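Below is final_26.txt, holding compact mmCIF, C-alpha atoms.
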# COMPACT_ATOMS: atom_id res chain seq x y z
CA MET A 692 7.06 -18.96 12.22
CA ARG A 693 4.37 -18.94 9.57
CA LYS A 694 2.14 -21.98 9.62
CA LYS A 695 2.09 -24.17 6.57
CA SER A 696 -1.33 -24.34 4.92
CA ASP A 697 -2.62 -26.49 2.13
CA GLN A 698 -2.77 -24.34 -0.97
CA ARG A 699 -5.10 -24.65 -3.90
CA PRO A 700 -3.86 -22.88 -7.02
CA GLY A 701 -4.86 -19.24 -6.83
CA TYR A 702 -5.82 -19.47 -3.16
CA PHE A 703 -4.32 -18.42 0.15
CA GLY A 704 -5.90 -20.93 2.49
CA PRO A 705 -9.66 -20.31 2.16
CA TYR A 706 -9.14 -16.91 0.52
CA GLY A 707 -8.46 -15.79 -3.04
CA GLY A 708 -9.64 -17.62 -6.14
CA ARG A 709 -11.50 -16.22 -9.13
CA PHE A 710 -15.06 -15.00 -8.74
CA VAL A 711 -15.61 -13.24 -12.05
CA PRO A 712 -17.97 -13.29 -15.04
CA GLU A 713 -17.36 -16.07 -17.54
CA THR A 714 -16.09 -13.51 -20.05
CA LEU A 715 -13.06 -12.85 -17.81
CA MET A 716 -12.08 -16.47 -17.17
CA ALA A 717 -10.19 -16.86 -20.47
CA PRO A 718 -8.31 -13.53 -20.12
CA LEU A 719 -7.32 -14.46 -16.56
CA ASP A 720 -6.12 -17.87 -17.74
CA GLU A 721 -4.08 -16.14 -20.45
CA LEU A 722 -2.67 -13.64 -17.96
CA ALA A 723 -1.69 -16.35 -15.46
CA ARG A 724 0.02 -18.44 -18.13
CA SER A 725 1.84 -15.42 -19.54
CA TYR A 726 2.93 -14.24 -16.13
CA ASP A 727 4.26 -17.65 -15.12
CA ARG A 728 6.07 -18.10 -18.45
CA VAL A 729 7.34 -14.61 -19.28
CA THR A 730 8.60 -13.57 -15.85
CA ARG A 731 10.84 -16.65 -15.67
CA ARG A 732 12.78 -15.48 -18.72
CA ARG A 733 16.17 -13.96 -17.99
CA LYS A 734 15.62 -11.34 -20.68
CA PHE A 735 12.42 -10.11 -18.96
CA GLN A 736 14.09 -10.04 -15.54
CA ARG A 737 17.10 -8.15 -16.90
CA ARG A 738 14.85 -5.57 -18.55
CA LEU A 739 12.77 -5.18 -15.39
CA LYS A 740 15.83 -4.83 -13.17
CA ASN A 741 17.38 -2.29 -15.51
CA LEU A 742 14.26 -0.10 -15.46
CA LEU A 743 13.80 -0.38 -11.70
CA THR A 744 17.44 0.55 -11.16
CA ASN A 745 18.15 3.18 -13.80
CA TYR A 746 14.68 4.63 -14.30
CA ALA A 747 12.68 4.13 -11.08
CA GLY A 748 15.60 4.55 -8.68
CA ARG A 749 16.11 1.23 -6.90
CA PRO A 750 17.48 0.30 -4.49
CA THR A 751 15.75 2.78 -2.20
CA PRO A 752 17.66 3.83 0.93
CA LEU A 753 17.08 2.29 4.34
CA TYR A 754 17.44 5.48 6.34
CA PHE A 755 18.21 5.62 10.07
CA ALA A 756 15.79 8.24 11.43
CA GLU A 757 18.07 9.50 14.19
CA ARG A 758 16.01 12.44 15.43
CA LEU A 759 12.75 10.50 15.33
CA SER A 760 14.43 7.66 17.23
CA SER A 761 15.77 10.07 19.85
CA THR A 762 12.41 11.78 20.23
CA LEU A 763 10.75 8.44 20.90
CA GLY A 764 13.22 7.23 23.49
CA GLY A 765 16.16 5.84 21.54
CA VAL A 766 14.83 2.77 19.75
CA ARG A 767 16.54 2.47 16.35
CA ILE A 768 13.96 3.39 13.71
CA PHE A 769 14.74 2.87 10.03
CA LEU A 770 12.61 4.14 7.15
CA LYS A 771 12.48 2.17 3.92
CA ARG A 772 12.36 5.13 1.55
CA GLU A 773 9.96 4.00 -1.18
CA ASP A 774 8.88 7.64 -1.33
CA LEU A 775 12.15 8.41 -3.15
CA LEU A 776 11.24 6.29 -6.16
CA HIS A 777 10.32 7.99 -9.43
CA THR A 778 6.64 9.06 -9.19
CA GLY A 779 6.88 9.17 -5.38
CA ALA A 780 5.68 5.78 -4.16
CA HIS A 781 6.25 2.04 -4.25
CA LYS A 782 3.55 1.67 -6.94
CA ILE A 783 6.08 2.06 -9.76
CA ASN A 784 7.54 -1.42 -9.00
CA ASN A 785 4.33 -3.16 -10.02
CA ALA A 786 3.34 -0.71 -12.75
CA ILE A 787 6.57 -1.22 -14.69
CA GLY A 788 6.40 -4.99 -14.19
CA GLN A 789 2.84 -5.28 -15.46
CA ALA A 790 3.36 -2.83 -18.33
CA LEU A 791 6.34 -4.90 -19.51
CA LEU A 792 4.22 -8.05 -19.24
CA ALA A 793 1.44 -6.44 -21.26
CA ARG A 794 3.88 -5.58 -24.02
CA GLU A 795 5.10 -9.19 -24.07
CA MET A 796 1.46 -10.23 -24.43
CA GLY A 797 1.03 -7.91 -27.41
CA LYS A 798 -1.40 -5.55 -25.64
CA ASP A 799 -0.74 -1.90 -26.36
CA ARG A 800 -3.51 -0.42 -24.21
CA ILE A 801 -3.42 -0.52 -20.42
CA ILE A 802 -6.01 0.59 -17.91
CA ALA A 803 -5.84 1.09 -14.16
CA GLU A 804 -7.81 2.20 -11.14
CA THR A 805 -6.46 4.60 -8.56
CA GLY A 806 -7.42 5.93 -5.15
CA ALA A 807 -4.67 8.19 -3.84
CA GLY A 808 -3.51 8.66 -7.41
CA GLN A 809 -0.04 7.17 -6.95
CA HIS A 810 -0.86 3.94 -8.79
CA GLY A 811 -2.50 5.95 -11.55
CA VAL A 812 0.57 8.16 -11.91
CA ALA A 813 2.87 5.13 -11.89
CA THR A 814 0.79 3.35 -14.55
CA ALA A 815 0.61 6.47 -16.72
CA THR A 816 4.38 6.81 -16.36
CA ALA A 817 5.04 3.20 -17.38
CA ALA A 818 2.69 3.54 -20.33
CA ALA A 819 4.46 6.66 -21.56
CA LEU A 820 7.83 4.97 -21.13
CA LEU A 821 6.80 1.89 -23.14
CA GLY A 822 4.65 3.63 -25.75
CA GLN A 823 1.28 2.32 -24.59
CA THR A 824 -2.02 4.15 -24.37
CA CYS A 825 -3.42 4.49 -20.86
CA THR A 826 -6.81 5.08 -19.24
CA VAL A 827 -7.13 5.53 -15.48
CA TYR A 828 -10.39 5.31 -13.54
CA MET A 829 -10.67 7.46 -10.42
CA GLY A 830 -13.54 8.22 -8.07
CA GLU A 831 -14.85 11.78 -8.07
CA GLU A 832 -14.18 12.15 -4.34
CA ASP A 833 -10.59 10.99 -4.78
CA MET A 834 -10.13 13.31 -7.75
CA ARG A 835 -11.17 16.20 -5.51
CA ARG A 836 -8.72 15.40 -2.73
CA GLN A 837 -5.89 14.32 -5.05
CA ARG A 838 -6.05 17.04 -7.72
CA LEU A 839 -2.29 17.19 -8.14
CA ASN A 840 -2.05 13.55 -9.13
CA VAL A 841 -4.97 13.92 -11.55
CA GLU A 842 -3.05 16.60 -13.41
CA ARG A 843 0.16 14.57 -13.29
CA MET A 844 -1.60 11.65 -15.00
CA ARG A 845 -2.99 13.92 -17.69
CA LEU A 846 0.40 15.52 -18.30
CA LEU A 847 1.81 12.01 -18.79
CA GLY A 848 -0.72 11.42 -21.56
CA ALA A 849 -3.28 9.30 -19.71
CA GLU A 850 -7.03 9.71 -19.96
CA VAL A 851 -8.47 10.10 -16.45
CA VAL A 852 -12.08 8.95 -16.25
CA ARG A 853 -14.12 10.35 -13.39
CA VAL A 854 -16.29 7.79 -11.58
CA ASP A 855 -19.30 9.35 -9.89
CA ALA A 856 -21.13 6.16 -8.86
CA GLY A 857 -21.44 4.81 -5.33
CA SER A 858 -19.03 6.29 -2.81
CA ARG A 859 -16.98 7.79 -5.69
CA THR A 860 -13.77 6.28 -4.28
CA LEU A 861 -11.41 3.38 -5.00
CA LYS A 862 -14.04 0.61 -4.84
CA ASP A 863 -16.07 2.27 -7.58
CA ALA A 864 -13.00 3.00 -9.70
CA ILE A 865 -12.17 -0.73 -9.68
CA ASN A 866 -15.76 -1.51 -10.74
CA GLU A 867 -15.42 0.72 -13.79
CA ALA A 868 -11.97 -0.58 -14.71
CA LEU A 869 -13.30 -4.15 -14.65
CA ARG A 870 -16.20 -3.17 -16.91
CA ASP A 871 -13.73 -1.67 -19.37
CA TRP A 872 -11.57 -4.79 -19.31
CA VAL A 873 -14.52 -7.10 -19.95
CA THR A 874 -15.33 -5.09 -23.07
CA ASN A 875 -11.76 -4.75 -24.41
CA VAL A 876 -9.89 -7.85 -23.26
CA ARG A 877 -8.27 -8.58 -26.63
CA THR A 878 -6.35 -5.31 -26.78
CA THR A 879 -6.23 -4.23 -23.15
CA HIS A 880 -4.38 -5.25 -20.00
CA TYR A 881 -5.73 -4.19 -16.61
CA VAL A 882 -2.88 -3.09 -14.34
CA LEU A 883 -4.50 -3.73 -10.96
CA GLY A 884 -2.64 -1.76 -8.33
CA SER A 885 -2.77 -3.87 -5.19
CA VAL A 886 -2.76 -7.47 -3.98
CA LEU A 887 -6.48 -7.69 -4.71
CA GLY A 888 -8.72 -9.13 -7.38
CA PRO A 889 -8.84 -12.57 -8.97
CA ASP A 890 -5.82 -14.82 -9.40
CA PRO A 891 -3.12 -14.15 -10.58
CA TYR A 892 -3.24 -10.52 -9.41
CA PRO A 893 -2.62 -11.03 -5.66
CA ARG A 894 0.50 -13.12 -6.22
CA MET A 895 1.65 -11.16 -9.26
CA VAL A 896 1.49 -7.76 -7.55
CA ARG A 897 3.13 -9.26 -4.42
CA ASP A 898 5.99 -10.65 -6.48
CA PHE A 899 6.69 -7.32 -8.18
CA HIS A 900 6.93 -5.71 -4.72
CA LYS A 901 9.07 -8.38 -3.05
CA VAL A 902 12.07 -6.26 -3.92
CA ILE A 903 11.16 -4.00 -0.97
CA GLY A 904 11.74 -6.72 1.61
CA GLN A 905 14.67 -8.27 -0.21
CA GLU A 906 16.53 -4.95 -0.25
CA THR A 907 15.66 -4.31 3.39
CA ARG A 908 17.29 -7.57 4.48
CA ARG A 909 20.51 -6.79 2.64
CA GLN A 910 20.59 -3.22 3.93
CA LEU A 911 19.98 -4.25 7.54
CA ARG A 912 22.81 -6.78 7.35
CA LYS A 913 25.16 -4.05 6.18
CA GLN A 914 23.96 -1.29 8.54
CA VAL A 915 23.19 -3.09 11.81
CA GLY A 916 24.85 -6.48 11.43
CA GLN A 917 21.65 -8.53 11.28
CA ASP A 918 19.29 -9.09 8.36
CA TRP A 919 16.04 -8.84 10.30
CA PRO A 920 14.28 -6.17 12.38
CA HIS A 921 12.61 -6.75 15.72
CA LEU A 922 9.53 -4.95 14.39
CA ALA A 923 8.39 -4.16 10.83
CA VAL A 924 5.39 -1.88 10.28
CA ALA A 925 3.52 -0.92 7.11
CA CYS A 926 0.12 0.51 6.24
CA VAL A 927 -2.49 -1.77 4.68
CA GLY A 928 -5.14 -0.71 2.20
CA GLY A 929 -5.29 -3.51 -0.32
CA GLY A 930 -1.87 -4.38 1.04
CA SER A 931 0.78 -4.13 -1.68
CA ASN A 932 3.50 -2.16 0.11
CA SER A 933 3.09 -4.18 3.29
CA ILE A 934 3.22 -7.60 1.64
CA GLY A 935 6.28 -6.42 -0.30
CA LEU A 936 8.06 -5.73 2.98
CA PHE A 937 6.61 -8.60 5.04
CA SER A 938 7.33 -11.27 2.42
CA ALA A 939 11.03 -11.24 3.30
CA PHE A 940 10.37 -11.86 7.01
CA LEU A 941 7.42 -14.26 7.14
CA GLU A 942 9.74 -17.14 8.05
CA GLU A 943 11.74 -15.03 10.50
CA SER A 944 10.27 -15.80 13.94
CA ARG A 945 12.27 -12.99 15.59
CA THR A 946 10.47 -10.30 13.56
CA ARG A 947 7.12 -8.97 14.71
CA LEU A 948 5.01 -7.83 11.74
CA ILE A 949 2.26 -5.22 12.07
CA GLY A 950 -0.07 -4.09 9.28
CA VAL A 951 -1.95 -0.84 9.93
CA GLU A 952 -5.44 -0.24 8.62
CA ALA A 953 -7.39 3.01 8.45
CA GLY A 954 -9.21 3.65 11.72
CA GLY A 955 -10.88 6.70 10.22
CA SER A 956 -13.01 8.94 12.41
CA GLY A 957 -14.86 6.42 14.59
CA GLN A 958 -15.71 2.85 15.52
CA GLU A 959 -19.00 2.53 13.66
CA LEU A 960 -19.39 0.90 10.26
CA GLY A 961 -18.92 3.58 7.63
CA GLU A 962 -16.53 5.62 9.78
CA HIS A 963 -13.40 3.60 9.07
CA ALA A 964 -11.78 1.13 6.65
CA ALA A 965 -10.47 -1.44 9.17
CA ARG A 966 -11.49 -4.81 7.72
CA PHE A 967 -10.51 -6.73 10.85
CA ARG A 968 -12.76 -4.46 12.92
CA GLY A 969 -16.10 -6.04 12.15
CA GLY A 970 -15.39 -7.34 8.65
CA ARG A 971 -16.60 -10.73 7.45
CA THR A 972 -15.60 -13.18 4.74
CA GLY A 973 -17.07 -12.15 1.42
CA VAL A 974 -16.37 -11.67 -2.25
CA LEU A 975 -15.42 -8.34 -3.77
CA HIS A 976 -13.79 -7.58 -7.12
CA GLY A 977 -13.23 -11.19 -7.98
CA THR A 978 -11.62 -12.49 -4.80
CA LYS A 979 -12.77 -14.07 -1.55
CA THR A 980 -11.39 -12.18 1.43
CA MET A 981 -12.30 -10.09 4.48
CA VAL A 982 -14.82 -7.42 3.53
CA LEU A 983 -16.64 -4.72 5.47
CA GLN A 984 -20.36 -5.44 5.05
CA ASP A 985 -23.62 -4.42 6.66
CA ARG A 986 -25.95 -6.97 8.28
CA HIS A 987 -27.60 -7.62 4.90
CA GLY A 988 -24.28 -8.49 3.25
CA GLN A 989 -24.08 -5.25 1.29
CA ILE A 990 -20.63 -3.67 0.91
CA ALA A 991 -20.29 -1.03 3.59
CA ALA A 992 -19.25 2.55 3.11
CA THR A 993 -15.75 3.34 4.32
CA HIS A 994 -13.87 6.42 5.44
CA SER A 995 -10.23 7.40 5.72
CA ILE A 996 -8.43 10.68 5.39
CA SER A 997 -5.99 8.71 3.22
CA ALA A 998 -7.50 7.89 -0.16
CA GLY A 999 -5.21 4.90 -0.64
CA LEU A 1000 -6.55 3.11 2.47
CA ASP A 1001 -10.22 3.95 1.84
CA TYR A 1002 -11.30 0.51 0.60
CA PRO A 1003 -13.70 -2.09 2.10
CA ALA A 1004 -11.65 -5.26 1.42
CA ILE A 1005 -8.12 -6.47 2.04
CA GLY A 1006 -5.84 -8.66 -0.07
CA PRO A 1007 -6.55 -12.38 0.40
CA GLU A 1008 -3.02 -13.22 1.51
CA HIS A 1009 -3.37 -10.69 4.31
CA ALA A 1010 -6.59 -12.38 5.40
CA LEU A 1011 -4.71 -15.67 5.69
CA LEU A 1012 -1.78 -14.09 7.53
CA HIS A 1013 -4.26 -12.65 10.01
CA ASP A 1014 -5.91 -16.02 10.58
CA GLU A 1015 -2.54 -17.69 11.01
CA GLY A 1016 -1.50 -15.04 13.52
CA ARG A 1017 1.71 -14.31 11.63
CA VAL A 1018 0.86 -10.65 11.07
CA GLU A 1019 -0.93 -8.42 13.57
CA TYR A 1020 -3.41 -5.96 12.10
CA THR A 1021 -4.20 -2.76 13.95
CA ALA A 1022 -5.98 0.49 13.11
CA VAL A 1023 -4.87 4.12 13.35
CA SER A 1024 -7.33 7.01 13.34
CA ASP A 1025 -7.30 10.02 11.05
CA ALA A 1026 -6.21 12.21 13.97
CA GLU A 1027 -3.30 9.91 14.86
CA ALA A 1028 -2.16 9.80 11.22
CA ILE A 1029 -2.18 13.60 11.01
CA GLU A 1030 -0.11 13.84 14.21
CA ALA A 1031 2.38 11.33 12.79
CA PHE A 1032 2.59 13.35 9.56
CA HIS A 1033 3.59 16.42 11.57
CA LEU A 1034 5.99 14.41 13.73
CA LEU A 1035 8.00 13.09 10.80
CA ALA A 1036 8.03 16.51 9.16
CA ALA A 1037 9.30 18.14 12.36
CA THR A 1038 11.94 15.54 13.29
CA GLU A 1039 13.25 14.35 9.92
CA GLY A 1040 12.20 16.95 7.36
CA ILE A 1041 10.10 14.36 5.51
CA LEU A 1042 6.46 14.77 4.50
CA PRO A 1043 5.02 11.23 4.40
CA ALA A 1044 1.99 10.15 2.45
CA LEU A 1045 -1.00 9.98 4.76
CA GLU A 1046 -1.11 6.25 4.07
CA SER A 1047 2.46 5.90 5.36
CA ALA A 1048 1.66 8.20 8.29
CA HIS A 1049 -0.62 5.45 9.62
CA ALA A 1050 2.41 3.14 9.88
CA ILE A 1051 4.45 5.85 11.58
CA ALA A 1052 1.70 6.43 14.14
CA GLU A 1053 1.55 2.71 14.96
CA ALA A 1054 5.32 2.49 15.35
CA VAL A 1055 5.23 5.42 17.76
CA LYS A 1056 2.84 3.48 20.01
CA HIS A 1057 5.38 0.67 20.36
CA ALA A 1058 8.56 2.74 20.52
CA ARG A 1059 8.44 3.56 24.24
CA HIS A 1060 8.28 -0.15 25.08
CA LEU A 1061 11.41 -0.97 23.10
CA SER A 1062 15.04 -0.55 24.18
CA SER A 1063 17.72 1.23 22.21
CA LYS A 1064 19.01 -2.16 21.08
CA LYS A 1065 15.82 -2.92 19.16
CA VAL A 1066 15.47 -2.27 15.42
CA VAL A 1067 12.22 -1.02 13.88
CA VAL A 1068 11.61 -0.76 10.13
CA ILE A 1069 8.76 1.41 8.83
CA ASN A 1070 7.88 1.17 5.17
CA LEU A 1071 7.57 4.77 4.01
CA SER A 1072 5.49 3.78 1.01
CA GLY A 1073 4.97 7.24 -0.48
CA ARG A 1074 5.66 10.93 -0.17
CA GLY A 1075 3.16 13.45 1.11
CA ASP A 1076 3.15 16.15 -1.56
CA LYS A 1077 -0.22 14.87 -2.72
CA ASP A 1078 -1.69 15.19 0.79
CA VAL A 1079 -0.66 18.71 1.77
CA GLU A 1080 -4.10 20.17 1.02
CA SER A 1081 -5.83 17.41 3.01
CA VAL A 1082 -3.55 18.02 5.98
CA LEU A 1083 -4.05 21.77 5.86
CA ASP A 1084 -7.82 21.36 5.59
CA TYR A 1085 -7.87 18.96 8.53
CA ASP A 1086 -5.76 21.29 10.68
CA ALA A 1087 -7.90 24.29 9.75
CA GLU A 1088 -11.09 22.51 10.82
CA LYS A 1089 -9.85 21.92 14.35
CA SER A 1090 -11.18 24.48 16.79
CA GLU A 1091 -8.87 26.61 18.86
CA SER A 1092 -10.05 24.90 22.03
CA GLU A 1093 -9.30 21.43 20.58
CA ARG A 1094 -5.84 22.53 19.48
CA GLN A 1095 -5.08 23.95 22.91
CA GLU A 1096 -6.33 20.80 24.65
CA ALA A 1097 -4.15 18.61 22.40
CA GLY A 1098 -1.15 20.87 22.95
CA ALA A 1099 -1.04 22.04 19.34
CA ASP A 1100 0.57 25.34 20.33
CA ARG A 1101 3.76 23.31 20.82
CA HIS A 1102 6.20 22.42 18.09
CA PRO A 1103 4.82 19.18 16.50
CA ALA A 1104 7.76 17.13 17.79
CA GLU A 1105 7.21 18.48 21.32
CA THR A 1106 3.51 17.64 21.02
CA TRP A 1107 4.40 14.06 20.28
CA LYS A 1108 6.80 13.89 23.22
CA HIS A 1109 3.93 15.03 25.41
CA VAL A 1110 1.50 12.52 23.93
CA VAL A 1111 3.89 9.55 23.91
CA TRP A 1112 5.46 10.06 27.32
CA GLY A 1113 2.51 11.61 29.14
CA GLY A 1114 4.51 14.77 29.86
CA ASP A 1115 7.67 16.65 28.99
CA ARG A 1116 11.03 14.94 29.16

Could you take the file, read its structure, and then write that structure out as structure tokens?
Amino acid sequence: MRKKSDQRPGYFGPYGGRFVPETLMAPLDELARSYDRVTRRRKFQRRLKNLLTNYAGRPTPLYFAERLSSTLGGVRIFLKREDLLHTGAHKINNAIGQALLAREMGKDRIIAETGAGQHGVATATAAALLGQTCTVYMGEEDMRRQRLNVERMRLLGAEVVRVDAGSRTLKDAINEALRDWVTNVRTTHYVLGSVLGPDPYPRMVRDFHKVIGQETRRQLRKQVGQDWPHLAVACVGGGSNSIGLFSAFLEESRTRLIGVEAGGSGQELGEHAARFRGGRTGVLHGTKTMVLQDRHGQIAATHSISAGLDYPAIGPEHALLHDEGRVEYTAVSDAEAIEAFHLLAATEGILPALESAHAIAEAVKHARHLSSKKVVVINLSGRGDKDVESVLDYDAEKSESERQEAGADRHPAETWKHVVWGGDR
């Protein structure tokens, strides 16, 4: 069971809060008041539910992955298919919610940051739907590896601003979005895309994604006769898709929760984005949380093949859940994520986002220890269309000798049987 902690407003235990310039304190106060007031209205909730159902495509299926389950020894693996939502990821839940809130606040311009591009696409979509203007900030490196989503945002009418400072990834895109918001707070709402940033963003984004876990409970009850899984796994960048799933099971002691960070290409600082692998408490983008830093306290460089996980901090609620021991946080390497991408494609005909592939890879590690009576839920947070070029590039860079040593001449599903079981079965 989750431990009960004393909570200060805007905090999760010692984490969270507002660490922002004075010019943002009033807008954050306004946002918090508006969120608490507006989202309690039945009219707002009806409008939100209508759009999530008839426009975005909720509820998403809870799909029994029969061939994947069989390949991994028979444990019952279910995929929460957030990838089937309009725009291709869970991000649309929050984007529609915040865009509706902005309209209630009388703000007709919205801005956003994006890493993998899915939050940017979702925000551009919501803006087009509600008649708002939209600007999306995106790091130059992410624009290169997510070209398809850049063009999708532009086709939806958004201005995509290239950020070429720093590491040219998600961290730097958030920096630029915050600068924009400081300058234009009277007319602009910042649609932050994860459970990050100053209060009320971590709780607001979490609440808009709670629908993931709520649906999962109902679907499990109908499909397996119990409303909880033995194991629930989700990837964790900032942590929006994972907290959306986990929130429904935090008080369920029979459910083991695992959040999967980006293990990148190595163990050294700068080679990964695993905040619980050498991270320390710090402040980034307005919130106190676990942050990857060098010995001088400077924000460390990060790496992940998945743009959406390539970020040096984690949402403050996740930091508390780690300290409480309620959620386990692990890391999956680039190579393991690529193998999981191929595995799901080969066994289920589904191309997962590379972010989601991290969760699949972690679930695979546990599958052989679980009986056929156990239920595993993996949050498939997004689809992999956007990552095809990255996967092909990664595969092409592997030498023939490395591929032979890893057994890559096999069918991808057979490769995973060999890796998981230590031989053919």

Legend entry - Shell around A:Leu742 at 12 Å using only C-alpha atoms, local window under 2 positions removed, as a list of chain:residue names: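 Returned residues: A:Phe735, A:Gln736, A:Arg737, A:Arg738, A:Leu739, A:Lys740, A:Thr744, A:Asn745, A:Tyr746, A:Ala747, A:Gly748, A:Arg749, A:Pro750, A:Leu776, A:His777, A:Ile783, A:Asn784, A:Asn785, A:Ala786, A:Ile787, A:Gly788, A:Ala790, A:Leu791, A:Ala817, A:Leu820, A:Leu821.
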
Inset, instruction - Could you check which of A:Gly884, A:Gly929, A:Gly977, A:Pro712 is closest to A:Ala813, using all atoms listed in the file? - result: A:Gly884

Inset, instruction - Provide the atom CA of A:Glu850 to atom CA of A:Arg877 distance in Å, to one decimal place. - result: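 For atom CA of A:Glu850 relative to atom CA of A:Arg877, the distance reads 19.5 Å.
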
Legend entry - Residue among A:Ser760, A:Thr751, A:Asn741, A:Thr714 lying closest to A:Thr907, counting only C-alpha atoms: A:Thr751

Legend entry - d(atom CA of A:Asn932, atom CA of A:Gly764) in Å: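 Atom CA of A:Gly764 lies at a distance of 27.0 Å from atom CA of A:Asn932.
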
Legend entry - Within-6 Å shell of (10.4, 5.2, 25.5) in input frame, all atoms listed in the file, as JSON, numbers by chain: {"A": [763, 764, 1058, 1059, 1060]}

Inset, instruction - Using only C-alpha atoms, determine which residues lie at most 9 Å from stretch 867-873 of chain A, disregarding the query and same-chain residues fewer than 5 positions distant; provide the list as number ranges by chain. - result: A: 712, 714-715, 718, 802-804, 826-829, 854, 879-881, 883, 976

Inset, instruction - For atom CA of A:Val1082 and atom CA of A:Gly950, quote the distance in Å rounded to one decimal. - result: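 Computing it gives 22.6 Å between the two atoms.
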
Inset, instruction - Considering only C-alpha atoms, state which residue in the set A:Gly848, A:Pro700, A:Gly797, A:Pro752 is at the smallest distance from A:Thr814. - result: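 Ranked by minimum distance to A:Thr814, first place goes to A:Gly848.
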
Legend entry - Residue neighbourhood stretch 987-999 of chain A, 8 Å, only C-alpha atoms, exclusion window fewer than 6 positions, as a ChimeraX atom specification: /A:806-808,833,858,860-861,928,953-956,960-964,1025,1045-1046,1081

Could you please take those selected residues and save C-alpha atoms as a PDB file, in the frame of the given file?
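Written file, selection.pdb:
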ATOM      1  CA  GLY A 806      -7.420   5.930  -5.150  1.00  0.00           C
ATOM      2  CA  ALA A 807      -4.670   8.190  -3.840  1.00  0.00           C
ATOM      3  CA  GLY A 808      -3.510   8.660  -7.410  1.00  0.00           C
ATOM      4  CA  ASP A 833     -10.590  10.990  -4.780  1.00  0.00           C
ATOM      5  CA  SER A 858     -19.030   6.290  -2.810  1.00  0.00           C
ATOM      6  CA  THR A 860     -13.770   6.280  -4.280  1.00  0.00           C
ATOM      7  CA  LEU A 861     -11.410   3.380  -5.000  1.00  0.00           C
ATOM      8  CA  GLY A 928      -5.140  -0.710   2.200  1.00  0.00           C
ATOM      9  CA  ALA A 953      -7.390   3.010   8.450  1.00  0.00           C
ATOM     10  CA  GLY A 954      -9.210   3.650  11.720  1.00  0.00           C
ATOM     11  CA  GLY A 955     -10.880   6.700  10.220  1.00  0.00           C
ATOM     12  CA  SER A 956     -13.010   8.940  12.410  1.00  0.00           C
ATOM     13  CA  LEU A 960     -19.390   0.900  10.260  1.00  0.00           C
ATOM     14  CA  GLY A 961     -18.920   3.580   7.630  1.00  0.00           C
ATOM     15  CA  GLU A 962     -16.530   5.620   9.780  1.00  0.00           C
ATOM     16  CA  HIS A 963     -13.400   3.600   9.070  1.00  0.00           C
ATOM     17  CA  ALA A 964     -11.780   1.130   6.650  1.00  0.00           C
ATOM     18  CA  ASP A1025      -7.300  10.020  11.050  1.00  0.00           C
ATOM     19  CA  LEU A1045      -1.000   9.980   4.760  1.00  0.00           C
ATOM     20  CA  GLU A1046      -1.110   6.250   4.070  1.00  0.00           C
ATOM     21  CA  SER A1081      -5.830  17.410   3.010  1.00  0.00           C
TER      22      SER A1081
END

Legend entry - Shell around A:Lys771 at 9 Å using only C-alpha atoms, local window under 6 positions removed, as a list of chain:residue names: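 Counting only C-alpha atoms, the residues come to A:Thr751, A:Pro752, A:Leu753, A:Tyr754, A:Ile903, A:Thr907, A:Val1068, A:Ile1069, A:Asn1070, A:Leu1071, A:Ser1072.
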
Legend entry - Option closest in space to A:Val852, from A:Thr805, A:Ser933, A:Thr778, A:Thr946 [counting only C-alpha atoms]: A:Thr805

Find the axis-aligned box for stretch 758-768 of chain A, covering all its listed atoms and adding 5 Å on each side, and write its centre and edge lengths in Å to one decimal as AutoDock Vina command-line options.
--center_x 13.6 --center_y 7.5 --center_z 18.6 --size_x 15.8 --size_y 20.0 --size_z 19.8
